[in-house]
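One structure below.
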Amino acid sequence: MNRPAVLFVCLGNICRSPLAEAALRKAAQSAGVDVEVDSAGTGQWHVGDPPDPRAQAMARDMGCEIGHLRARQICSDDFHRFTHILALDDSNLRTVEQLRPTDARAETRLLLDFVHGREGQEVADPYYGNADGFAATWADVSAGADGLVRALSAAR
Ligand code: 4NP
């Protein structure tokens, strides 16, 4: 199999998907799995912005630095570049599927489909909440990253 390449997609690309990116890099590194990782948003409002300061603080608490990341919008080339495009919620999964070209390479799913017993569930948007929401986001995206690493390891 080709090297797996995972793109996480949320709305703004400043809260959930950069945290998912950090969680997967961390999980893959500790499992010794080689995977390309990136993230994008379906919306354009935050293009060029670094992750939300609350997301940066959460990542830093978990030993991950994400302050260098910059938000970008998903583009049609992503469907050829990545093997997996994983949305954080239903609304963004629908948008991803609408953008999907007919000859896409990428499999499109929800991130929590990779967590046993949580298939079909969403990672809640923490943007309008407080810091507790970001801890819940980290718990969700790291569970998803662990499940994904197991699936990628099994597929090798
Ligand atoms: P994200 O969170 O999709 O997890 O990055 C959001 C960030 C910004 C907005 C909404 C959600 N916004 O409306 O600007």
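Each chain in the structure tokens gets a letter, A, B and so on, in the order shown; residues start at 1 in every chain, and ligands are counted from 1 in the order they appear.
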Any idea what's packed within 9 Å of region 57-59 of chain A, counting only C-alpha atoms, ignoring anything in its chain fewer than 2 positions away? Could you give it as a PDB file with N, CA and C atoms, in the first residue's frame?
```pdb
ATOM      1  N   LEU A  19      -5.964  20.347  16.008  1.00  0.00           N
ATOM      2  CA  LEU A  19      -5.756  19.458  17.163  1.00  0.00           C
ATOM      3  C   LEU A  19      -5.742  17.996  16.712  1.00  0.00           C
ATOM      4  N   ALA A  22      -2.345  17.333  15.283  1.00  0.00           N
ATOM      5  CA  ALA A  22      -1.338  17.146  16.339  1.00  0.00           C
ATOM      6  C   ALA A  22      -1.497  15.776  16.994  1.00  0.00           C
ATOM      7  N   ALA A  23      -2.746  15.370  17.260  1.00  0.00           N
ATOM      8  CA  ALA A  23      -2.991  14.083  17.933  1.00  0.00           C
ATOM      9  C   ALA A  23      -2.532  12.923  17.057  1.00  0.00           C
ATOM     10  N   ASP A  52      -6.490  28.784  16.862  1.00  0.00           N
ATOM     11  CA  ASP A  52      -7.042  29.535  17.986  1.00  0.00           C
ATOM     12  C   ASP A  52      -6.091  29.391  19.192  1.00  0.00           C
ATOM     13  N   PRO A  53      -5.856  30.497  19.929  1.00  0.00           N
ATOM     14  CA  PRO A  53      -4.936  30.422  21.084  1.00  0.00           C
ATOM     15  C   PRO A  53      -5.329  29.342  22.087  1.00  0.00           C
ATOM     16  N   ARG A  54      -6.627  29.065  22.224  1.00  0.00           N
ATOM     17  CA  ARG A  54      -7.060  28.016  23.163  1.00  0.00           C
ATOM     18  C   ARG A  54      -6.656  26.632  22.644  1.00  0.00           C
ATOM     19  N   ALA A  55      -6.702  26.444  21.338  1.00  0.00           N
ATOM     20  CA  ALA A  55      -6.250  25.170  20.746  1.00  0.00           C
ATOM     21  C   ALA A  55      -4.737  25.042  20.897  1.00  0.00           C
ATOM     22  N   ASP A  61      -0.155  21.823  26.221  1.00  0.00           N
ATOM     23  CA  ASP A  61      -0.308  21.015  27.450  1.00  0.00           C
ATOM     24  C   ASP A  61      -0.058  19.536  27.177  1.00  0.00           C
ATOM     25  N   MET A  62      -0.340  19.113  25.958  1.00  0.00           N
ATOM     26  CA  MET A  62      -0.172  17.703  25.587  1.00  0.00           C
ATOM     27  C   MET A  62       1.181  17.454  24.917  1.00  0.00           C
ATOM     28  N   GLY A  63       2.046  18.465  24.933  1.00  0.00           N
ATOM     29  CA  GLY A  63       3.395  18.296  24.402  1.00  0.00           C
ATOM     30  C   GLY A  63       3.510  18.495  22.909  1.00  0.00           C
ATOM     31  N   CYS A  64       2.494  19.147  22.304  1.00  0.00           N
ATOM     32  CA  CYS A  64       2.513  19.353  20.847  1.00  0.00           C
ATOM     33  C   CYS A  64       2.524  20.851  20.546  1.00  0.00           C
ATOM     34  N   GLU A  65       3.327  21.264  19.609  1.00  0.00           N
ATOM     35  CA  GLU A  65       3.388  22.665  19.176  1.00  0.00           C
ATOM     36  C   GLU A  65       2.644  22.805  17.845  1.00  0.00           C
ATOM     37  N   ILE A  66       1.623  23.658  17.814  1.00  0.00           N
ATOM     38  CA  ILE A  66       0.863  23.832  16.560  1.00  0.00           C
ATOM     39  C   ILE A  66       0.823  25.295  16.102  1.00  0.00           C
ATOM     40  N   ALA A 131     -12.590  26.849  27.766  1.00  0.00           N
ATOM     41  CA  ALA A 131     -11.425  25.954  27.661  1.00  0.00           C
ATOM     42  C   ALA A 131     -11.795  24.491  27.867  1.00  0.00           C
ATOM     43  N   PHE A 134     -12.201  22.601  24.760  1.00  0.00           N
ATOM     44  CA  PHE A 134     -10.972  22.210  24.053  1.00  0.00           C
ATOM     45  C   PHE A 134     -10.377  20.935  24.646  1.00  0.00           C
ATOM     46  N   ALA A 135     -10.584  20.727  25.956  1.00  0.00           N
ATOM     47  CA  ALA A 135     -10.140  19.463  26.568  1.00  0.00           C
ATOM     48  C   ALA A 135     -10.978  18.312  26.014  1.00  0.00           C
ATOM     49  N   TRP A 138      -9.756  17.587  22.549  1.00  0.00           N
ATOM     50  CA  TRP A 138      -8.506  16.811  22.565  1.00  0.00           C
ATOM     51  C   TRP A 138      -8.797  15.338  22.859  1.00  0.00           C
TER      52      TRP A 138
END
```
Per residue of chain A within 6 Å of ligand 1, which atom pair is closest and at what distance in Å (one decimal), using only C-alpha atoms and all ligand atoms, listed by chain and increasing number, as a tab-separated table?
```
residue	atom	partner	partner_atom_place_in_ligand_line	distance
A:Cys10	CA	ligand 1	3 (O)	4.3
A:Leu11	CA	ligand 1	3 (O)	3.4
A:Gly12	CA	ligand 1	5 (O)	3.6
A:Asn13	CA	ligand 1	5 (O)	4.0
A:Ile14	CA	ligand 1	5 (O)	3.9
A:Cys15	CA	ligand 1	5 (O)	3.8
A:Arg16	CA	ligand 1	4 (O)	3.7
A:Asp125	CA	ligand 1	4 (O)	5.3
A:Tyr127	CA	ligand 1	2 (O)	4.9
```
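The nearest approach to Asp146 (chain A) among the residues A:Leu110, A:Val115, A:Ala71, A:Val123, with only C-alpha atoms taken into account, belongs to A:Val115.
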For this session: Excluding region 75-84 of chain A and any residue of its chain fewer than 3 positions from it, enumerate the residues within 9 Å of it, using only C-alpha atoms, and give them as a PyMOL selection string.
Result: chain A and resi 2-8+36-37+40+42+72+99-101+103-109
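Among the candidate residues A:Val47, A:Ala136, A:Ile74, A:Ala151, the one lying nearest to Asp113 (chain A) is A:Ala151, with distances computed using only C-alpha atoms.
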Exercise. Using the chain letters and numbers from this document, which residues of region 34-149 of chain A does DSSP assign to strand (DSSP E), as a PyMOL selection string?
Worked result: chain A and resi 36-41+84-87+107-110
Exercise. Counting only C-alpha atoms, which of A:Leu148, A:Leu112, A:Leu93, A:Ala155 gets nearest to Ala28 (chain A)?
Worked result: A:Leu148
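With only C-alpha atoms as the basis for measurement, A:Ala124 is the residue among A:Ala124, A:Ala139, A:Leu152, A:Ala31 that approaches Asp90 (chain A) most closely.
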Exercise. Could you pull out all residues of region 3-127 of chain A with a DSSP call of helix (DSSP H, G or I) and give them as a count of residues only?
Worked result: 43
